[in-house]
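One structure below.
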Protein chains: 2
Amino acid sequence: MANVNSGDKKISAAVIKRLPRYYRYLSDLIDSGATRVSSKELSETMNTTASQIRQDLSNFGCFGQQGYGYNVVTLYEEIKNILGLKKLYSVAIIGAGNLGQALFNYSGFGKRGFYFVGMFDIDESVIGKTFGNVTVTHLDTLSEFLKNNDVDIAALTIPSHAATEVSEIIFKTNIKGIWNFSHADLDAPEGICVENVHLTDSLMILSYRLKEGIVL
Amino acid sequence: MANVNSGDKKISAAVIKRLPRYYRYLSDLIDSGATRVSSKELSETMNTTASQIRQDLSNFGCFGQQGYGYNVVTLYEEIKNILGLKKLYSVAIIGAGNLGQALFNYSGFGKRGFYFVGMFDIDESVIGKTFGNVTVTHLDTLSEFLKNNDVDIAALTIPSHAATEVSEIIFKTNIKGIWNFSHADLDAPEGICVENVHLTDSLMILSYRLKEGIVL
DNA sequence: TAGATTGTTAATCGATTAACAATC
DNA sequence: TAGATTGTTAATCGATTAACAATC
């Protein structure tokens with residue numbers, strides 16, 4: 001029992017990476033009408049161990065009850081809170097090509113509290129186009145835009161060769177998070193988080209496993 | 001010295017995940033005209049340890065030389081081979097929405113040996129549209145298409161609720177790899193590799209780090 | 001040759017799993 | 001109450017780092 005504190009010892013990246021998946025399965029459980037779940041039940045659906053689930057959760061507090069398990073909605077809300085999803089995040093899309101548009105148009109992010117507030121590009125053929133309530137403007141206007149608007153995250157959906165230059169601009173603004181789809185590994189200054197989505201890396205890992213016949 | 005074998009002891013996922021990044025940095029080194037690199041130099045640019053690089057590589061063979069280091073091109077080619085990138089992979093895109101189109105139009109995959117051979121959807125407004133040399137056809141034709149064409153990988157760029165149904169179709173074909181962008185966790189049968197790209201998970205991890213002020 | 005750097009073995013560190021007292 | 005299940009501590013397992021003999 002005990003320990004309702006949090007935030008002192010630092011949590012390992014391995015734990016954090018599992019949280020969204022817990023969150024997803026709990027969301028499904030809510031949809032299915034379940035009200036309670038034990039770590040054992042959850043571990044069986046998620047194909048992991050009950051120990052790991054309890055160990056992971058215990059990093060953040062005591063959310064369960066002996067002999068009962070966890071209340072599904074409560075646990076869902078707790079994880080939502082842990083992940084920082086109780087607030088809204090504004091996101092600017094840098095690079096309004098196919099990928100930038102795909103992110104913009106995917107409704108799933110909005111449901112989680114991420115909304116898009118701007119799109120920027122250097123390609124004249126896309127500048128001026130409107131998606132939803134956002135019009136693509138020239139990259140030159142980015143700096144000014146970020147000065148006048150409160151933007152939390154920049155999604156970099158631009159080619160690698162442009163990424164370094166653009167990140168220089170961003171580093172001078174109030175942006176605190178970069179969601180980086182470009183190939184480049186950015187070295188961000190103190191205080192800026194970079195989350196990389198390297199799609200090609202992911203394909204190469206698949207290719208390795210295909211070659212080796214690893215199923216996993 | 002010794003040990004030019006491979007493929008007996010199994011390699012940990014942690015090692016595999018780092019290979020594409022090595023590959024990327026070696027590619028940059030080639031572009032910069034470098035001919036040799038030591039694990040120490042490489043570790044400094046990549047912000048890791050020389051020990052880890054040597055340990056990782058030693059899983060696959062002896063690619064370096066004492067007192068010299070590694071030949072950049074040779075090591076690049078070795079990793080290319082390890083990752084299974086010496087062959088071409090055909091990819092079918094299931095779900096021809098924004099994300100599917102984005103993948104199709106991104107030239108970077110082609111450079112690595114992945115080429116797209118088909119696009120499928122159920123939305124009449126996109127069926128019949130042509131991208132490059134591929135025309136979107138109805139999902140009903142997928143099964144037949146996969147029977148008549150040699151397709152290695154299916155990219156699932158469809159909503160979660162459709163993913164299970166579509167994956168059932170795929171599981172009955174010769175497809176060996178699934179590149180899954182849908183929210184769903186698929187439980188694939190023996191012999192089929194699934195590589196998940198959960199974009200929302202990645203955003204949530206960023207959100208966690210923003211909340212906690214973790215830079216990493 | 002002497003300096004540099006590998007591949008590998010040993011030591012350390014961290015993460016996962018197992019076990020169990022506490023208690024609903 | 002008796003059975004179930006938690007949070008936590010201890011044991012195990014695996015991954016990373018350090019050290020070093022071998023040798024280019």
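For the structure tokens, the naming scheme is as follows: chains receive sequential letters (A, B, ...) according to their order of presentation, residues are indexed from 1 within each chain, and ligands are indexed from 1 in presentation order.
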
Inset, instruction - Could you give me, as a PyMOL selection string, the residues within 12 Å of Lys111 in chain B, counting only C-alpha atoms (C1' of nucleotides) and dropping anything in the same chain fewer than 2 positions from it? - result: (chain A and resi 200+204) or (chain B and resi 85-89+106-109+113-115)

Find the residues of chain D that sit at most 10 Å from chain A; for each, write down the nearest two atoms and how far apart they are in Å, to one decimal. Count only C-alpha atoms (C1' of nucleotides). Sort by chain, then by number going up, and give it as a tab-separated table.
```
residue	atom	partner	partner_atom	distance
D:DG3	C1'	A:Gly67	CA	7.9
D:DA4	C1'	A:Gly67	CA	4.3
D:DT5	C1'	A:Gly67	CA	4.1
D:DT6	C1'	A:Gln66	CA	4.1
D:DG7	C1'	A:Met1	CA	5.3
D:DT8	C1'	A:Met1	CA	8.0
```

Dump of N, CA and C atoms (P, O5', C5', C4', C3', O3' and C1' of nucleotides) for the selected residues, as a CSV table (one decimal), in the first residue's frame:
```csv
chain,number,residue,atom,x,y,z
D,3,DG,P,-11.2,-20.4,0.1
D,3,DG,O5',-11.3,-19.2,-1.0
D,3,DG,C5',-12.5,-18.9,-1.5
D,3,DG,C4',-12.3,-17.8,-2.6
D,3,DG,C3',-11.1,-18.1,-3.5
D,3,DG,O3',-11.5,-17.6,-4.8
D,3,DG,C1',-10.7,-16.1,-2.3
D,4,DA,P,-10.5,-17.4,-6.0
D,4,DA,O5',-10.2,-15.9,-6.0
D,4,DA,C5',-11.3,-14.9,-6.0
D,4,DA,C4',-10.7,-13.5,-6.0
D,4,DA,C3',-9.7,-13.4,-7.1
D,4,DA,O3',-10.0,-12.1,-7.8
D,4,DA,C1',-8.8,-12.7,-5.0
D,5,DT,P,-9.2,-11.7,-9.1
D,5,DT,O5',-8.2,-10.7,-8.5
D,5,DT,C5',-8.6,-9.5,-8.0
D,5,DT,C4',-7.5,-8.8,-7.3
D,5,DT,C3',-6.2,-8.7,-8.2
D,5,DT,O3',-5.8,-7.4,-8.3
D,5,DT,C1',-5.7,-9.4,-6.0
D,6,DT,P,-4.7,-6.8,-9.3
D,6,DT,O5',-4.1,-5.7,-8.5
D,6,DT,C5',-4.9,-4.8,-7.8
D,6,DT,C4',-4.4,-4.4,-6.5
D,6,DT,C3',-3.0,-3.8,-6.5
D,6,DT,O3',-3.2,-2.4,-6.2
D,6,DT,C1',-3.0,-5.6,-4.9
D,7,DG,P,-2.1,-1.3,-6.8
D,7,DG,O5',-0.9,-1.5,-5.7
D,7,DG,C5',-1.1,-0.9,-4.4
D,7,DG,C4',0.2,-1.2,-3.6
D,7,DG,C3',1.5,-0.6,-4.2
D,7,DG,O3',2.2,-0.2,-3.0
D,7,DG,C1',1.7,-3.0,-4.1
D,8,DT,P,3.7,0.4,-3.2
D,8,DT,O5',4.5,-1.0,-2.9
D,8,DT,C5',4.4,-1.5,-1.5
D,8,DT,C4',5.5,-2.6,-1.4
D,8,DT,C3',6.9,-2.2,-1.9
D,8,DT,O3',7.8,-2.8,-1.0
D,8,DT,C1',6.2,-4.1,-3.0
```

Inset, instruction - Write down as number ranges by chain the residues of chain A whose backbone DSSP state falls under helix (DSSP H, G or I). - result: A: 13-31, 39-46, 50-58, 72-82, 98-105, 108-111, 139-148, 160-171, 199-212

With 8 Å as the cut-off and only C-alpha atoms counted, what is the closest atom pair between each nearby residue of chain A and chain B? Distances in Å to one decimal, ordered by chain and number, as JSON lines.
```
{"residue": "A:Ile16", "atom": "CA", "partner": "B:Ile205", "partner_atom": "CA", "distance": 6.8}
{"residue": "A:Lys17", "atom": "CA", "partner": "B:Ile205", "partner_atom": "CA", "distance": 6.7}
{"residue": "A:Pro20", "atom": "CA", "partner": "B:Asp201", "partner_atom": "CA", "distance": 5.3}
{"residue": "A:Arg21", "atom": "CA", "partner": "B:Asp201", "partner_atom": "CA", "distance": 7.3}
{"residue": "A:Ile82", "atom": "CA", "partner": "B:Tyr208", "partner_atom": "CA", "distance": 7.0}
{"residue": "A:Leu83", "atom": "CA", "partner": "B:Tyr208", "partner_atom": "CA", "distance": 4.4}
{"residue": "A:Gly84", "atom": "CA", "partner": "B:Tyr208", "partner_atom": "CA", "distance": 5.2}
{"residue": "A:Leu85", "atom": "CA", "partner": "B:Ser207", "partner_atom": "CA", "distance": 7.0}
{"residue": "A:Gly97", "atom": "CA", "partner": "B:Ala102", "partner_atom": "CA", "distance": 7.9}
{"residue": "A:Asn98", "atom": "CA", "partner": "B:Ala102", "partner_atom": "CA", "distance": 4.5}
{"residue": "A:Leu99", "atom": "CA", "partner": "B:Ala102", "partner_atom": "CA", "distance": 5.0}
{"residue": "A:Gln101", "atom": "CA", "partner": "B:Asn98", "partner_atom": "CA", "distance": 6.7}
{"residue": "A:Ala102", "atom": "CA", "partner": "B:Asn98", "partner_atom": "CA", "distance": 4.5}
{"residue": "A:Leu103", "atom": "CA", "partner": "B:Leu99", "partner_atom": "CA", "distance": 7.6}
{"residue": "A:Asn105", "atom": "CA", "partner": "B:Asn98", "partner_atom": "CA", "distance": 7.5}
{"residue": "A:Gly108", "atom": "CA", "partner": "B:Thr200", "partner_atom": "CA", "distance": 7.6}
{"residue": "A:Phe109", "atom": "CA", "partner": "B:Thr200", "partner_atom": "CA", "distance": 6.6}
{"residue": "A:Lys176", "atom": "CA", "partner": "B:Leu210", "partner_atom": "CA", "distance": 7.0}
{"residue": "A:Gly177", "atom": "CA", "partner": "B:Leu210", "partner_atom": "CA", "distance": 6.7}
{"residue": "A:Trp179", "atom": "CA", "partner": "B:Leu203", "partner_atom": "CA", "distance": 7.4}
{"residue": "A:Glu190", "atom": "CA", "partner": "B:Val215", "partner_atom": "CA", "distance": 6.8}
{"residue": "A:Gly191", "atom": "CA", "partner": "B:Val215", "partner_atom": "CA", "distance": 5.6}
{"residue": "A:Ile192", "atom": "CA", "partner": "B:Val215", "partner_atom": "CA", "distance": 5.7}
{"residue": "A:Cys193", "atom": "CA", "partner": "B:Val215", "partner_atom": "CA", "distance": 4.7}
{"residue": "A:Val194", "atom": "CA", "partner": "B:Leu206", "partner_atom": "CA", "distance": 7.5}
{"residue": "A:Glu195", "atom": "CA", "partner": "B:Leu206", "partner_atom": "CA", "distance": 6.0}
{"residue": "A:Val197", "atom": "CA", "partner": "B:Ser202", "partner_atom": "CA", "distance": 7.7}
{"residue": "A:Leu199", "atom": "CA", "partner": "B:Val197", "partner_atom": "CA", "distance": 8.0}
{"residue": "A:Thr200", "atom": "CA", "partner": "B:Phe109", "partner_atom": "CA", "distance": 6.6}
{"residue": "A:Asp201", "atom": "CA", "partner": "B:Pro20", "partner_atom": "CA", "distance": 5.3}
{"residue": "A:Ser202", "atom": "CA", "partner": "B:Glu195", "partner_atom": "CA", "distance": 7.2}
{"residue": "A:Leu203", "atom": "CA", "partner": "B:Trp179", "partner_atom": "CA", "distance": 7.4}
{"residue": "A:Met204", "atom": "CA", "partner": "B:Leu83", "partner_atom": "CA", "distance": 6.3}
{"residue": "A:Ile205", "atom": "CA", "partner": "B:Lys17", "partner_atom": "CA", "distance": 6.7}
{"residue": "A:Leu206", "atom": "CA", "partner": "B:Glu195", "partner_atom": "CA", "distance": 6.0}
{"residue": "A:Ser207", "atom": "CA", "partner": "B:Gly84", "partner_atom": "CA", "distance": 5.7}
{"residue": "A:Tyr208", "atom": "CA", "partner": "B:Leu83", "partner_atom": "CA", "distance": 4.4}
{"residue": "A:Arg209", "atom": "CA", "partner": "B:Cys193", "partner_atom": "CA", "distance": 7.0}
{"residue": "A:Leu210", "atom": "CA", "partner": "B:Gly177", "partner_atom": "CA", "distance": 6.7}
{"residue": "A:Lys211", "atom": "CA", "partner": "B:Gly84", "partner_atom": "CA", "distance": 5.6}
{"residue": "A:Gly213", "atom": "CA", "partner": "B:Gly191", "partner_atom": "CA", "distance": 7.1}
{"residue": "A:Ile214", "atom": "CA", "partner": "B:Cys193", "partner_atom": "CA", "distance": 6.9}
{"residue": "A:Val215", "atom": "CA", "partner": "B:Cys193", "partner_atom": "CA", "distance": 4.7}
{"residue": "A:Leu216", "atom": "CA", "partner": "B:Cys193", "partner_atom": "CA", "distance": 6.6}
```

Legend entry - Residues near Val73 in chain A, cut-off 8 Å, only C-alpha atoms (C1' of nucleotides), skip fewer than 2 positions along chain, as a VMD selection string: chain A and resid 26 30 35 71 75 to 77

Inset, instruction - Could you pull out the residues in range 25-130 of chain B that DSSP calls strand (DSSP E or B) from the backbone, as a count of residues only? - result: 22

Inset, instruction - Can you work out which one of B:Asp28, B:Glu144, B:Ser12, B:Thr130 has the shortest atom-to-atom distance to Ser160 in chain A, counting only C-alpha atoms? - result: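 Under the stated criterion, the closest residue is B:Asp28.
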
Inset, instruction - Name all residues at most 6 Å from Ala154 in chain A (count only C-alpha atoms (C1' of nucleotides); drop same-chain ones fewer than 2 positions away) and give them as a list of chain:residue names. - result: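 Skipping anything fewer than 2 positions along the chain leaves A:Val91, A:Ala92, A:Ile93, A:Ile178.
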
Could you name the residues that touch Phe145 in chain A at 10 Å or less, counting only C-alpha atoms (C1' of nucleotides), but leaving out those on the same chain fewer than 5 positions away, as a short mmCIF file (atom, residue, chain, number, x, y, z; two decimals) with all heavy atoms, in the first residue's frame?
```cif
data_model
loop_
_atom_site.label_atom_id
_atom_site.label_comp_id
_atom_site.auth_asym_id
_atom_site.auth_seq_id
_atom_site.Cartn_x
_atom_site.Cartn_y
_atom_site.Cartn_z
N ALA A 92 1.77 22.98 -34.87
CA ALA A 92 1.99 23.59 -36.19
C ALA A 92 2.65 22.55 -37.09
O ALA A 92 3.58 21.86 -36.65
CB ALA A 92 2.89 24.82 -36.06
N GLY A 118 -1.63 25.63 -37.68
CA GLY A 118 -0.94 26.29 -38.78
C GLY A 118 -0.23 25.28 -39.67
O GLY A 118 0.12 24.19 -39.21
N THR A 137 0.76 28.76 -45.27
CA THR A 137 1.48 30.00 -45.57
C THR A 137 2.97 29.71 -45.75
O THR A 137 3.44 28.61 -45.43
CB THR A 137 1.29 31.05 -44.46
OG1 THR A 137 1.68 30.48 -43.23
CG2 THR A 137 -0.16 31.50 -44.39
N LEU A 139 6.91 29.50 -45.38
CA LEU A 139 7.78 29.22 -44.24
C LEU A 139 8.36 30.50 -43.63
O LEU A 139 8.60 30.56 -42.42
CB LEU A 139 8.92 28.28 -44.69
CG LEU A 139 9.80 27.70 -43.59
CD1 LEU A 139 9.01 26.80 -42.66
CD2 LEU A 139 10.95 26.91 -44.19
N ASP A 140 8.55 31.50 -44.47
CA ASP A 140 9.08 32.78 -43.98
C ASP A 140 8.22 33.40 -42.88
O ASP A 140 8.70 34.20 -42.08
CB ASP A 140 9.16 33.78 -45.14
CG ASP A 140 10.23 33.39 -46.14
OD1 ASP A 140 11.08 32.54 -45.80
OD2 ASP A 140 10.22 33.94 -47.26
N ASP A 150 0.37 30.92 -29.47
CA ASP A 150 0.90 29.98 -28.48
C ASP A 150 0.87 28.57 -29.08
O ASP A 150 -0.17 27.93 -29.13
CB ASP A 150 0.03 30.06 -27.23
CG ASP A 150 0.64 29.29 -26.08
OD1 ASP A 150 1.87 29.09 -26.10
OD2 ASP A 150 -0.11 28.86 -25.19
N VAL A 151 2.02 28.13 -29.54
CA VAL A 151 2.09 26.81 -30.17
C VAL A 151 2.96 25.89 -29.32
O VAL A 151 4.07 26.26 -28.94
CB VAL A 151 2.67 26.90 -31.60
CG1 VAL A 151 2.68 25.54 -32.26
CG2 VAL A 151 1.87 27.90 -32.43
N THR A 173 12.08 29.97 -30.69
CA THR A 173 10.71 30.32 -30.32
C THR A 173 10.30 29.64 -29.02
O THR A 173 11.13 29.07 -28.33
CB THR A 173 9.73 29.90 -31.44
OG1 THR A 173 9.67 28.47 -31.46
CG2 THR A 173 10.21 30.41 -32.79
#
```

Legend entry - Between C1' of DA18 in chain D and CA of Ile53 in chain B, distance in Å (one decimal): 13.7 Å
